[in-house]
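Data file: structure_31.cif. Format and content: mmCIF, C-alpha atoms (C1' of nucleotides).
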data_query
loop_
_atom_site.label_atom_id
_atom_site.label_comp_id
_atom_site.auth_asym_id
_atom_site.auth_seq_id
_atom_site.Cartn_x
_atom_site.Cartn_y
_atom_site.Cartn_z
CA MET A 25 0.00 0.00 0.00
CA SER A 26 1.42 3.37 -0.98
CA PRO A 27 1.71 6.08 1.67
CA GLU A 28 -1.05 8.12 0.09
CA GLN A 29 -3.45 5.21 0.32
CA ALA A 30 -2.18 4.20 3.73
CA ARG A 31 -3.61 7.28 5.37
CA ALA A 32 -7.29 6.41 5.31
CA ARG A 33 -10.09 8.95 5.22
CA ARG A 34 -10.74 10.57 8.51
CA ALA A 35 -13.05 8.66 10.80
CA ASP A 36 -15.69 11.41 10.89
CA ALA A 37 -15.70 11.50 7.10
CA ARG A 38 -16.41 7.80 6.90
CA ARG A 39 -19.12 8.12 9.53
CA ASN A 40 -20.77 10.99 7.68
CA ALA A 41 -20.70 9.15 4.38
CA GLN A 42 -22.57 6.30 6.01
CA SER A 43 -25.02 8.59 7.79
CA LEU A 44 -25.79 10.23 4.48
CA LEU A 45 -26.37 6.88 2.84
CA ASP A 46 -28.77 5.84 5.58
CA ALA A 47 -30.52 9.19 5.59
CA ALA A 48 -30.88 9.17 1.81
CA ALA A 49 -32.34 5.68 1.84
CA ALA A 50 -34.87 6.71 4.48
CA VAL A 51 -35.81 9.98 2.78
CA PHE A 52 -36.10 8.28 -0.62
CA VAL A 53 -38.69 5.94 0.85
CA THR A 54 -40.85 8.68 2.31
CA SER A 55 -40.33 11.59 -0.09
CA GLY A 56 -39.16 9.89 -3.26
CA VAL A 57 -35.81 9.75 -4.99
CA ASP A 58 -36.11 13.40 -6.00
CA ALA A 59 -36.28 14.63 -2.42
CA PRO A 60 -34.54 17.96 -1.75
CA VAL A 61 -30.86 17.70 -0.95
CA ARG A 62 -31.37 19.74 2.18
CA ASP A 63 -33.82 17.22 3.55
CA ILE A 64 -31.27 14.46 3.24
CA ALA A 65 -28.54 16.56 4.80
CA ALA A 66 -30.82 17.57 7.66
CA ARG A 67 -31.86 13.99 8.28
CA ALA A 68 -28.21 12.96 8.41
CA GLY A 69 -27.43 15.88 10.71
CA VAL A 70 -24.85 17.43 8.38
CA GLY A 71 -24.60 20.58 6.30
CA THR A 72 -25.40 20.71 2.62
CA GLY A 73 -21.76 21.17 1.77
CA THR A 74 -20.95 17.80 3.25
CA ILE A 75 -23.36 15.93 1.04
CA TYR A 76 -21.74 17.33 -2.08
CA ARG A 77 -18.27 16.51 -0.84
CA HIS A 78 -19.14 12.85 -0.41
CA TYR A 79 -21.46 12.53 -3.39
CA PRO A 80 -20.52 15.16 -5.97
CA THR A 81 -23.64 14.54 -8.02
CA ARG A 82 -27.06 13.32 -7.07
CA ALA A 83 -26.47 10.35 -9.31
CA ASP A 84 -23.55 9.24 -7.12
CA LEU A 85 -25.76 9.22 -4.07
CA ILE A 86 -28.58 7.33 -5.74
CA ILE A 87 -26.17 4.80 -7.15
CA ALA A 88 -24.61 4.29 -3.74
CA VAL A 89 -28.03 3.71 -2.20
CA TYR A 90 -29.20 1.18 -4.78
CA ARG A 91 -25.97 -0.43 -5.89
CA HIS A 92 -26.60 -3.62 -3.94
CA GLN A 93 -30.04 -4.11 -5.42
CA VAL A 94 -28.88 -3.44 -8.95
CA ASP A 95 -26.08 -5.91 -8.50
CA ALA A 96 -28.46 -8.50 -7.11
CA CYS A 97 -30.69 -8.04 -10.12
CA ALA A 98 -27.79 -8.38 -12.51
CA GLU A 99 -26.62 -11.55 -10.82
CA ALA A 100 -30.10 -13.07 -10.90
CA GLY A 101 -30.07 -13.16 -14.71
CA PRO A 102 -27.73 -16.10 -15.31
CA ARG A 103 -29.24 -17.96 -12.39
CA LEU A 104 -32.75 -17.68 -13.84
CA LEU A 105 -31.47 -18.75 -17.21
CA ALA A 106 -30.14 -21.92 -15.63
CA THR A 107 -33.17 -22.77 -13.53
CA SER A 108 -36.19 -21.61 -15.53
CA ALA A 109 -38.34 -23.70 -17.79
CA SER A 110 -37.21 -21.86 -20.89
CA PRO A 111 -35.07 -18.85 -21.86
CA TYR A 112 -38.21 -16.83 -22.49
CA ALA A 113 -39.54 -17.72 -19.06
CA ALA A 114 -36.21 -16.68 -17.57
CA LEU A 115 -36.40 -13.37 -19.41
CA ALA A 116 -39.93 -12.73 -18.20
CA GLU A 117 -39.03 -13.56 -14.61
CA TRP A 118 -35.94 -11.42 -14.71
CA ILE A 119 -37.87 -8.44 -16.02
CA ASP A 120 -40.42 -9.00 -13.25
CA LEU A 121 -37.58 -8.79 -10.79
CA TYR A 122 -36.39 -5.53 -12.30
CA VAL A 123 -39.89 -4.07 -12.31
CA ASP A 124 -40.38 -5.03 -8.68
CA PHE A 125 -37.19 -3.20 -7.86
CA VAL A 126 -37.81 -0.04 -9.87
CA ALA A 127 -41.54 0.30 -9.35
CA THR A 128 -41.24 0.29 -5.58
CA LYS A 129 -38.73 3.16 -5.52
CA HIS A 130 -40.83 6.25 -5.61
CA GLY A 131 -39.70 8.44 -8.49
CA LEU A 132 -36.71 6.34 -9.48
CA ALA A 133 -38.10 5.36 -12.86
CA ALA A 134 -38.85 8.97 -13.72
CA ILE A 135 -35.37 10.13 -12.78
CA LEU A 136 -33.79 7.32 -14.75
CA GLN A 137 -35.27 8.68 -17.96
CA SER A 138 -35.42 12.36 -17.17
CA GLY A 139 -32.18 13.32 -18.86
CA GLN A 140 -31.65 16.05 -16.28
CA PRO A 141 -28.05 17.25 -16.26
CA GLY A 142 -26.00 15.18 -13.82
CA LEU A 143 -28.37 12.25 -13.95
CA GLU A 144 -26.99 10.68 -17.13
CA THR A 145 -24.47 8.88 -14.94
CA LEU A 146 -27.31 7.21 -13.10
CA ALA A 147 -29.00 5.84 -16.19
CA ALA A 148 -25.59 4.87 -17.53
CA TYR A 149 -24.84 2.87 -14.40
CA PHE A 150 -28.11 0.98 -14.53
CA LEU A 151 -27.74 0.27 -18.22
CA ASP A 152 -24.08 -0.70 -18.06
CA ARG A 153 -24.91 -3.17 -15.36
CA LEU A 154 -28.13 -4.59 -16.74
CA VAL A 155 -27.98 -4.39 -20.53
CA PRO A 156 -25.38 -7.18 -20.80
CA VAL A 157 -27.54 -9.44 -18.64
CA CYS A 158 -30.60 -8.61 -20.67
CA THR A 159 -28.70 -9.25 -23.88
CA GLU A 160 -27.75 -12.68 -22.66
CA LEU A 161 -31.36 -13.53 -21.86
CA LEU A 162 -32.62 -12.15 -25.16
CA ASP A 163 -30.01 -14.05 -27.12
CA ALA A 164 -30.91 -17.28 -25.39
CA ALA A 165 -34.61 -16.78 -26.05
CA ALA A 166 -33.92 -15.85 -29.68
CA THR A 167 -31.71 -18.89 -30.17
CA ALA A 168 -34.48 -21.04 -28.74
CA GLY A 169 -36.79 -19.52 -31.33
CA GLU A 170 -39.08 -18.08 -28.68
CA ILE A 171 -38.80 -14.44 -29.71
CA ALA A 172 -37.79 -12.44 -32.74
CA PRO A 173 -34.00 -12.18 -32.98
CA ASP A 174 -33.81 -8.44 -33.55
CA THR A 175 -34.76 -7.15 -30.12
CA LYS A 176 -32.24 -4.74 -28.61
CA ALA A 177 -31.58 -5.07 -24.91
CA TYR A 178 -30.98 -1.35 -24.53
CA GLU A 179 -34.31 -0.44 -26.00
CA LEU A 180 -36.10 -3.06 -23.96
CA MET A 181 -34.56 -1.88 -20.70
CA ARG A 182 -35.48 1.71 -21.43
CA ALA A 183 -38.99 0.72 -22.40
CA VAL A 184 -39.48 -1.28 -19.21
CA GLY A 185 -38.08 1.58 -17.16
CA ASN A 186 -40.45 3.98 -18.88
CA LEU A 187 -43.43 1.77 -18.22
CA CYS A 188 -42.60 1.83 -14.51
CA ILE A 189 -43.04 5.59 -14.32
CA GLY A 190 -46.07 6.44 -12.24
CA ALA A 191 -46.33 2.98 -10.73
CA GLY A 192 -47.44 3.35 -7.16
CA THR A 193 -48.80 6.87 -7.52
CA ASP A 194 -51.68 6.05 -9.87
CA PRO A 195 -53.93 3.26 -8.64
CA GLN A 196 -55.48 2.94 -12.08
CA TYR A 197 -52.15 2.23 -13.73
CA ASN A 198 -50.57 -1.17 -13.25
CA ALA A 199 -47.02 -1.03 -14.53
CA ARG A 200 -46.47 -4.74 -14.03
CA HIS A 201 -49.40 -5.53 -16.27
CA MET A 202 -48.23 -3.26 -19.07
CA VAL A 203 -44.72 -4.65 -18.86
CA ALA A 204 -46.21 -8.12 -19.15
CA VAL A 205 -48.02 -7.06 -22.32
CA LEU A 206 -44.79 -5.62 -23.71
CA VAL A 207 -42.89 -8.80 -22.96
CA ALA A 208 -45.70 -10.82 -24.51
CA GLY A 209 -45.28 -8.68 -27.62
CA LEU A 210 -41.72 -9.90 -27.98
CA ARG A 211 -43.02 -13.33 -28.90
CA LEU A 212 -44.48 -12.08 -32.14
CA PRO A 213 -42.75 -10.41 -35.03
CA VAL A 214 -44.14 -6.88 -35.15
CA VAL A 215 -46.46 -6.72 -38.12
CA MET B 27 -76.18 37.46 -24.37
CA SER B 28 -76.06 38.81 -20.84
CA PRO B 29 -74.54 42.25 -20.20
CA GLU B 30 -71.51 40.74 -18.47
CA GLN B 31 -70.73 38.63 -21.51
CA ALA B 32 -71.52 41.45 -23.90
CA ARG B 33 -68.51 43.44 -22.85
CA ALA B 34 -65.79 41.44 -24.54
CA ARG B 35 -62.22 41.20 -23.30
CA ARG B 36 -60.10 44.18 -24.14
CA ALA B 37 -58.43 44.12 -27.52
CA ASP B 38 -54.90 44.17 -26.09
CA ALA B 39 -55.78 41.26 -23.85
CA ARG B 40 -56.92 39.20 -26.80
CA ARG B 41 -53.81 40.16 -28.73
CA ASN B 42 -51.54 39.17 -25.86
CA ALA B 43 -53.28 35.85 -25.39
CA GLN B 44 -52.58 35.06 -29.02
CA SER B 45 -48.98 36.30 -28.86
CA LEU B 46 -48.41 34.05 -25.89
CA LEU B 47 -49.87 31.10 -27.70
CA ASP B 48 -47.60 31.68 -30.70
CA ALA B 49 -44.58 32.32 -28.51
CA ALA B 50 -45.24 29.20 -26.46
CA ALA B 51 -45.58 27.06 -29.57
CA ALA B 52 -42.29 28.40 -30.90
CA VAL B 53 -40.42 28.02 -27.62
CA PHE B 54 -41.80 24.52 -27.06
CA VAL B 55 -40.28 23.47 -30.37
CA THR B 56 -36.82 24.79 -29.61
CA SER B 57 -36.54 24.41 -25.83
CA GLY B 58 -39.11 21.75 -25.05
CA VAL B 59 -42.46 21.87 -23.34
CA ASP B 60 -40.80 22.49 -19.98
CA ALA B 61 -39.18 25.73 -21.10
CA PRO B 62 -38.98 28.47 -18.44
CA VAL B 63 -42.06 30.65 -18.19
CA ARG B 64 -39.89 33.75 -18.51
CA ASP B 65 -38.61 32.61 -21.88
CA ILE B 66 -42.12 32.36 -23.23
CA ALA B 67 -43.09 35.73 -21.80
CA ALA B 68 -39.96 37.33 -23.21
CA ARG B 69 -40.55 35.83 -26.62
CA ALA B 70 -44.10 37.16 -26.61
CA GLY B 71 -42.85 40.54 -25.45
CA VAL B 72 -44.94 40.57 -22.28
CA GLY B 73 -44.23 40.39 -18.55
CA THR B 74 -44.42 37.22 -16.55
CA GLY B 75 -47.54 38.40 -14.78
CA THR B 76 -49.39 38.50 -18.07
CA ILE B 77 -48.75 34.88 -18.85
CA TYR B 78 -50.28 33.79 -15.57
CA ARG B 79 -53.30 36.02 -16.06
CA HIS B 80 -54.11 34.38 -19.37
CA TYR B 81 -53.02 30.87 -18.50
CA PRO B 82 -53.27 30.42 -14.73
CA THR B 83 -51.41 27.12 -14.83
CA ARG B 84 -48.81 25.78 -17.17
CA ALA B 85 -51.24 23.05 -18.06
CA ASP B 86 -53.70 25.62 -19.46
CA LEU B 87 -51.06 26.98 -21.77
CA ILE B 88 -49.93 23.58 -22.99
CA ILE B 89 -53.51 22.51 -23.56
CA ALA B 90 -54.21 25.67 -25.52
CA VAL B 91 -51.17 25.04 -27.71
CA TYR B 92 -51.97 21.43 -28.49
CA ARG B 93 -55.76 21.38 -28.28
CA HIS B 94 -56.19 21.24 -32.06
CA GLN B 95 -53.86 18.30 -32.46
CA VAL B 96 -55.41 16.36 -29.62
CA ASP B 97 -58.84 16.96 -31.11
CA ALA B 98 -57.65 15.85 -34.52
CA CYS B 99 -56.29 12.67 -32.99
CA ALA B 100 -59.53 11.99 -31.17
CA GLU B 101 -61.55 12.50 -34.31
CA ALA B 102 -59.32 10.19 -36.33
CA GLY B 103 -60.34 7.20 -34.20
CA PRO B 104 -63.83 6.55 -35.55
CA ARG B 105 -62.66 7.34 -39.07
CA LEU B 106 -59.91 4.73 -38.89
CA LEU B 107 -62.33 2.22 -37.47
CA ALA B 108 -64.52 2.72 -40.52
CA THR B 109 -61.78 2.58 -43.14
CA SER B 110 -59.18 0.15 -41.84
CA ALA B 111 -58.88 -3.51 -42.73
CA SER B 112 -59.78 -4.62 -39.19
CA PRO B 113 -60.47 -3.10 -35.79
CA TYR B 114 -57.02 -4.16 -34.63
CA ALA B 115 -55.44 -2.48 -37.63
CA ALA B 116 -57.42 0.66 -36.83
CA LEU B 117 -56.21 0.54 -33.24
CA ALA B 118 -52.60 0.13 -34.33
CA GLU B 119 -52.84 2.99 -36.81
CA TRP B 120 -54.53 5.24 -34.31
CA ILE B 121 -51.84 4.62 -31.72
CA ASP B 122 -49.24 5.35 -34.36
CA LEU B 123 -50.93 8.68 -34.90
CA TYR B 124 -50.83 9.43 -31.20
CA VAL B 125 -47.20 8.43 -30.93
CA ASP B 126 -46.29 10.63 -33.89
CA PHE B 127 -47.96 13.50 -32.12
CA VAL B 128 -46.49 13.00 -28.67
CA ALA B 129 -43.03 11.84 -29.62
CA THR B 130 -42.33 14.90 -31.74
CA LYS B 131 -43.13 17.33 -28.90
CA HIS B 132 -39.93 17.60 -26.94
CA GLY B 133 -40.64 16.82 -23.30
CA LEU B 134 -44.40 16.53 -23.63
CA ALA B 135 -44.52 12.85 -22.81
CA ALA B 136 -42.44 13.38 -19.69
CA ILE B 137 -44.64 16.21 -18.47
CA LEU B 138 -47.78 14.20 -19.14
CA GLN B 139 -46.70 11.59 -16.60
CA SER B 140 -44.70 13.71 -14.21
CA GLY B 141 -47.44 14.29 -11.69
CA GLN B 142 -46.00 17.72 -10.90
CA PRO B 143 -48.53 19.89 -9.10
CA GLY B 144 -50.59 21.84 -11.62
CA LEU B 145 -49.94 19.38 -14.40
CA GLU B 146 -52.63 16.88 -13.47
CA THR B 147 -55.05 18.97 -15.48
CA LEU B 148 -52.94 18.39 -18.56
CA ALA B 149 -52.90 14.62 -18.28
CA ALA B 150 -56.58 14.71 -17.41
CA TYR B 151 -57.37 16.65 -20.58
CA PHE B 152 -55.46 14.26 -22.79
CA LEU B 153 -57.03 11.25 -21.14
CA ASP B 154 -60.57 12.62 -21.06
CA ARG B 155 -60.31 13.31 -24.75
CA LEU B 156 -58.57 10.15 -25.88
CA VAL B 157 -59.55 7.36 -23.51
CA PRO B 158 -63.11 7.14 -24.89
CA VAL B 159 -61.77 6.88 -28.42
CA CYS B 160 -59.29 4.24 -27.36
CA THR B 161 -62.01 2.36 -25.54
CA GLU B 162 -64.08 2.26 -28.69
CA LEU B 163 -61.19 0.87 -30.71
CA LEU B 164 -60.32 -1.68 -28.06
CA ASP B 165 -63.91 -2.85 -27.76
CA ALA B 166 -64.19 -3.28 -31.50
CA ALA B 167 -60.98 -5.28 -31.64
CA ALA B 168 -62.05 -7.38 -28.67
CA THR B 169 -65.44 -8.05 -30.21
CA ALA B 170 -63.71 -9.13 -33.40
CA GLY B 171 -61.68 -11.56 -31.29
CA GLU B 172 -58.39 -9.93 -32.26
CA ILE B 173 -57.25 -9.04 -28.76
CA ALA B 174 -57.96 -10.07 -25.20
CA PRO B 175 -61.12 -8.41 -23.91
CA ASP B 176 -59.71 -7.19 -20.62
CA THR B 177 -57.45 -4.39 -21.83
CA LYS B 178 -58.10 -1.06 -20.16
CA ALA B 179 -57.89 1.99 -22.40
CA TYR B 180 -56.61 4.16 -19.57
CA GLU B 181 -53.70 1.88 -18.86
CA LEU B 182 -52.87 1.53 -22.51
CA MET B 183 -52.82 5.28 -23.08
CA ARG B 184 -50.60 5.82 -20.09
CA ALA B 185 -48.29 3.04 -21.19
CA VAL B 186 -48.00 4.43 -24.70
CA GLY B 187 -47.35 7.91 -23.31
CA ASN B 188 -44.67 6.52 -21.03
CA LEU B 189 -42.97 4.71 -23.88
CA CYS B 190 -42.72 8.00 -25.74
CA ILE B 191 -40.57 9.56 -23.05
CA GLY B 192 -37.08 10.14 -24.33
CA ALA B 193 -38.07 9.74 -27.96
CA GLY B 194 -36.06 12.19 -30.01
CA THR B 195 -33.37 12.78 -27.40
CA ASP B 196 -31.88 9.30 -27.39
CA PRO B 197 -30.92 8.03 -30.85
CA GLN B 198 -30.62 4.50 -29.49
CA TYR B 199 -34.19 4.43 -28.28
CA ASN B 200 -36.98 4.06 -30.80
CA ALA B 201 -40.26 4.74 -29.07
CA ARG B 202 -42.31 3.81 -32.12
CA HIS B 203 -40.75 0.37 -32.18
CA MET B 204 -41.40 -0.30 -28.51
CA VAL B 205 -44.99 0.88 -28.84
CA ALA B 206 -45.38 -1.52 -31.75
CA VAL B 207 -44.14 -4.34 -29.53
CA LEU B 208 -46.59 -3.35 -26.82
CA VAL B 209 -49.47 -3.25 -29.27
CA ALA B 210 -48.41 -6.60 -30.63
CA GLY B 211 -48.55 -7.91 -27.09
CA LEU B 212 -52.25 -7.08 -26.93
CA ARG B 213 -52.94 -9.87 -29.39
CA LEU B 214 -51.95 -12.54 -26.94
CA PRO B 215 -53.39 -13.27 -23.55
CA VAL B 216 -50.64 -12.50 -21.07
CA VAL B 217 -49.38 -15.79 -19.75
"C1'" DG C 17 -61.33 64.67 -22.53
"C1'" DA C 18 -62.03 62.26 -18.33
"C1'" DC C 19 -63.21 58.39 -15.72
"C1'" DG C 20 -63.37 53.52 -14.24
"C1'" DA C 21 -62.45 49.00 -15.16
"C1'" DT C 22 -59.19 46.14 -17.16
"C1'" DA C 23 -54.74 44.56 -18.03
"C1'" DC C 24 -49.85 45.09 -17.82
"C1'" DG C 25 -44.88 44.70 -16.24
"C1'" DG C 26 -41.55 43.34 -13.47
"C1'" DA C 27 -40.04 43.45 -8.71
"C1'" DA C 28 -40.26 40.32 -4.97
"C1'" DC C 29 -40.86 35.94 -2.57
"C1'" DG C 30 -40.25 30.91 -1.83
"C1'" DT C 31 -38.06 26.72 -3.22
"C1'" DT C 32 -34.68 24.28 -5.07
"C1'" DG C 33 -29.57 22.93 -6.74
"C1'" DT C 34 -24.82 24.14 -6.18
"C1'" DT C 35 -20.58 26.58 -4.83
"C1'" DC C 36 -17.49 28.70 -1.71
"C1'" DC C 37 -14.97 29.88 2.24
"C1'" DG C 38 -14.18 30.85 7.22
"C1'" DT C 39 -14.19 27.72 11.04
"C1'" DT C 40 -13.73 23.44 13.38
"C1'" DT C 41 -11.74 18.98 14.18
"C1'" DA C 42 -9.07 14.72 13.63
"C1'" DT C 43 -4.61 12.99 13.25
"C1'" DC C 44 0.17 12.68 14.04
"C1'" DA C 45 4.67 13.96 15.52
"C1'" DA C 46 7.47 16.06 18.91
"C1'" DT D 12 0.30 16.77 26.24
"C1'" DT D 13 0.39 19.80 23.02
"C1'" DG D 14 0.79 22.16 18.75
"C1'" DA D 15 0.82 22.13 13.69
"C1'" DT D 16 -1.48 20.88 9.55
"C1'" DA D 17 -4.36 18.81 6.42
"C1'" DA D 18 -8.99 17.27 6.21
"C1'" DA D 19 -13.61 18.01 6.71
"C1'" DC D 20 -17.45 20.64 8.12
"C1'" DG D 21 -21.52 23.95 8.14
"C1'" DG D 22 -24.22 27.06 6.31
"C1'" DA D 23 -24.25 31.51 4.01
"C1'" DA D 24 -24.49 32.94 -0.65
"C1'" DC D 25 -25.56 32.61 -5.50
"C1'" DA D 26 -28.28 31.26 -9.52
"C1'" DA D 27 -32.47 29.52 -11.79
"C1'" DC D 28 -37.01 28.78 -11.62
"C1'" DG D 29 -42.25 29.07 -10.52
"C1'" DT D 30 -45.50 32.13 -8.68
"C1'" DT D 31 -47.70 36.22 -6.52
"C1'" DC D 32 -48.61 40.95 -5.97
"C1'" DC D 33 -49.34 45.69 -6.67
"C1'" DG D 34 -48.32 50.29 -8.57
"C1'" DT D 35 -48.83 51.91 -13.21
"C1'" DA D 36 -50.49 52.21 -17.91
"C1'" DT D 37 -53.99 51.51 -21.18
"C1'" DC D 38 -58.48 50.65 -23.28
"C1'" DG D 39 -63.23 51.53 -23.85
"C1'" DT D 40 -66.92 54.45 -22.80
"C1'" DC D 41 -69.59 58.52 -21.73
#

Take the structure in the file and give it back as structure tokens.
Amino acid sequence: MSPEQARARRADARRNAQSLLDAAAAVFVTSGVDAPVRDIAARAGVGTGTIYRHYPTRADLIIAVYRHQVDACAEAGPRLLATSASPYAALAEWIDLYVDFVATKHGLAAILQSGQPGLETLAAYFLDRLVPVCTELLDAAATAGEIAPDTKAYELMRAVGNLCIGAGTDPQYNARHMVAVLVAGLRLPVV
Amino acid sequence: MSPEQARARRADARRNAQSLLDAAAAVFVTSGVDAPVRDIAARAGVGTGTIYRHYPTRADLIIAVYRHQVDACAEAGPRLLATSASPYAALAEWIDLYVDFVATKHGLAAILQSGQPGLETLAAYFLDRLVPVCTELLDAAATAGEIAPDTKAYELMRAVGNLCIGAGTDPQYNARHMVAVLVAGLRLPVV
DNA sequence: GACGATACGGAACGTTGTTCCGTTTATCAA
DNA sequence: TTGATAAACGGAACAACGTTCCGTATCGTC
């Protein structure tokens, strides 16, 4: 270990980073992922400057909060492919998993697609992590002849994310159902 | 005509309302539907107070700008049903029409689903106008046995609107294609 | 031309994101 | 223990935006 790395971050810095993570997770649940920065800082008992020092962009904070769940989702892909009845079934189950994750995070889906400056990193992280998994599932299903071979994982992931917007806030809109229809549409060549 | 109605709005007021409409339409094209209110006022050559007097909420302004196109879309429904090869074909063509409309208005799709305070009116207007038409098309297709009979027009309209988010800004995402997949999915009972 | 109602403009306020800097604190060496 | 120094902090300050408000200007009428 080089001397520069040897000297770890100060203890209070590490503590604050964790407090912020906990506070953000809690505030995201109650006020949504687009909660005011000040609310998160207040909840963590730190100043607004501190939050930006630890998480320079909002995307960094959101990623830190959800990293574990995104990783879990990514890792579930190959497992489902191995255990499901068919590649298409694996794909459908995996997308269900993703929808369950996104749709329960108030406002996350909207932010993922918003294109607000500073948030591109967030969408990029999700896509970098999940598009390869989705590609693998799509390829398997296409090879098995269950779906058309020309479906792009990137497009599908964005479409599913889009369909999740408003889930939970509008009782008349069932994102899971619409995603199921979309996934069903993959089985047919588009006429 | 009652005396109160007899006295028409002042000429300058009518002129400003029109200027604002034109300015808004122009600004929406270049800067998106979520352009700053001040930009629109400046473009119209009026103060910010004036814009709120004529269009108390942003939704009112957006509705005024797009009312004609929404109406045209609504009226196209029955016509397509009469002229198309099948009810399902009419439905697909009608949704194409809607997607062409929404996807070309920078940011409109996002605002339609955002749930921002004051924007509910906007979504409500679109849905009030289009859900009945969509219902008619869905019913016809269901009666013809082309799609499952349990599809809700409201959900479908919201789903299509959601899929249009990001169209035009992301070259890798083709909203029309994903909508086509969704519509194709209507043909099969979801498994 | 004068009067009253109508409408206007833009300053002002509240809410956010973000930056910046004077102050505090942890760490380490003497 | 204590003092020096880099690290980290807090929150004031700035910018952008939506929205409100009111003193002023203008239109229409008599």

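All chain D residues having an atom within 12 Å of chain B, based on all atoms listed in the file, amount to DA27, DC28, DG29, DT30, DT31, DC32, DC33, DT37, DC38, DG39 and DT40 of chain D.
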
Give me a file of those residues, with C-alpha atoms (C1' of nucleotides), as a CSV table (one decimal), keeping the file's coordinate frame.
chain,number,residue,atom,x,y,z
D,27,DA,C1',-32.5,29.5,-11.8
D,28,DC,C1',-37.0,28.8,-11.6
D,29,DG,C1',-42.2,29.1,-10.5
D,30,DT,C1',-45.5,32.1,-8.7
D,31,DT,C1',-47.7,36.2,-6.5
D,32,DC,C1',-48.6,41.0,-6.0
D,33,DC,C1',-49.3,45.7,-6.7
D,37,DT,C1',-54.0,51.5,-21.2
D,38,DC,C1',-58.5,50.6,-23.3
D,39,DG,C1',-63.2,51.5,-23.8
D,40,DT,C1',-66.9,54.4,-22.8

Residue with smallest distance to DT43 of chain C - pool A:Ala204, A:Ala50, A:Ala32, A:Ala127, counting all atoms listed in the file: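 Closest candidate: A:Ala32.
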
Result set, the PyMOL selection byres ((chain D and resi 15) around 10) on current file, as a count of residues only: 6

Explicit residue set for the PyMOL selection byres ((chain A) within 9 of (chain B)), as a ChimeraX atom specification: /A:134,137-139,178-180,182-190,193,196-199,201-215

With chain A as the partner and 10 Å as the cut-off, tabulate the residues of chain C that qualify, each row holding the nearest pair of atoms and their distance in Å to one decimal, using only C-alpha atoms (C1' of nucleotides), sorted by chain and rising number, as a Markdown table.
| residue | atom | partner | partner_atom | distance |
| --- | --- | --- | --- | --- |
| C:DT31 | C1' | A:Pro60 | CA | 9.6 |
| C:DT32 | C1' | A:Pro60 | CA | 7.1 |
| C:DG33 | C1' | A:Val61 | CA | 7.9 |
| C:DT34 | C1' | A:Tyr76 | CA | 8.5 |
| C:DT35 | C1' | A:Gly73 | CA | 8.6 |
| C:DC36 | C1' | A:Gly73 | CA | 9.3 |
| C:DT41 | C1' | A:Asp36 | CA | 9.2 |
| C:DA42 | C1' | A:Arg34 | CA | 6.8 |
| C:DT43 | C1' | A:Arg34 | CA | 8.1 |

Interatomic distance, atom CA of Pro111 of chain A to atom CA of Leu161 of chain A (Å, one decimal):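 Spanning atom CA of Pro111 of chain A to atom CA of Leu161 of chain A is a straight-line distance of 6.5 Å.
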
One-decimal distance in Å that lies between atom CA of Ala147 of chain A and atom CA of Ala166 of chain A: 26.0 Å

Close residues, His80 of chain B itself excluded, 7 Å, all atoms listed in the file, min 3 positions apart in chain, as a ChimeraX atom specification: /B:43,76-77

Within 7 Å of Gly142 of chain A using only C-alpha atoms (C1' of nucleotides), minus same-chain residues under 2 positions, as a VMD selection string: chain A and resid 81 83 140 144 to 145

Selected residues written out with C-alpha atoms, as a short mmCIF file (atom, residue, chain, number, x, y, z; two decimals), in the coordinates of the input:
data_model
loop_
_atom_site.label_atom_id
_atom_site.label_comp_id
_atom_site.auth_asym_id
_atom_site.auth_seq_id
_atom_site.Cartn_x
_atom_site.Cartn_y
_atom_site.Cartn_z
CA THR A 81 -23.64 14.54 -8.02
CA ALA A 83 -26.47 10.35 -9.31
CA GLN A 140 -31.65 16.05 -16.28
CA GLU A 144 -26.99 10.68 -17.13
CA THR A 145 -24.47 8.88 -14.94
#

Distance in Å - atom CA of Asp174 of chain A versus atom CA of Asp120 of chain A: 21.4 Å

Picked residues, the PyMOL selection byres ((chain B and resi 131) around 8), expected as a PyMOL selection string: chain B and resi 54-55+58-59+127-130+132-135

Keeping only C-alpha atoms, write the selected residues as a PDB file, keeping the file's coordinate frame.
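The file below, out_16.pdb, is the result:
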ATOM      1  CA  PHE B  54     -41.800  24.520 -27.060  1.00  0.00           C
ATOM      2  CA  VAL B  55     -40.280  23.470 -30.370  1.00  0.00           C
ATOM      3  CA  GLY B  58     -39.110  21.750 -25.050  1.00  0.00           C
ATOM      4  CA  VAL B  59     -42.460  21.870 -23.340  1.00  0.00           C
ATOM      5  CA  PHE B 127     -47.960  13.500 -32.120  1.00  0.00           C
ATOM      6  CA  VAL B 128     -46.490  13.000 -28.670  1.00  0.00           C
ATOM      7  CA  ALA B 129     -43.030  11.840 -29.620  1.00  0.00           C
ATOM      8  CA  THR B 130     -42.330  14.900 -31.740  1.00  0.00           C
ATOM      9  CA  HIS B 132     -39.930  17.600 -26.940  1.00  0.00           C
ATOM     10  CA  GLY B 133     -40.640  16.820 -23.300  1.00  0.00           C
ATOM     11  CA  LEU B 134     -44.400  16.530 -23.630  1.00  0.00           C
ATOM     12  CA  ALA B 135     -44.520  12.850 -22.810  1.00  0.00           C
TER      13      ALA B 135
END

Polymer residues at most 8 Å from (-26.5, 27.1, 6.1) by only C-alpha atoms (C1' of nucleotides), as a ChimeraX atom specification: /A:71-72 /D:21-23

Taking all atoms of segment 19-37 of chain C that the file lists, what box with edges along x, y and z, padded by 5 Å per side, do you get, with centre and edge lengths in Å to one decimal, as JSON?
{"center_x": -39.2, "center_y": 40.7, "center_z": -7.9, "size_x": 58.4, "size_y": 45.5, "size_z": 30.3}
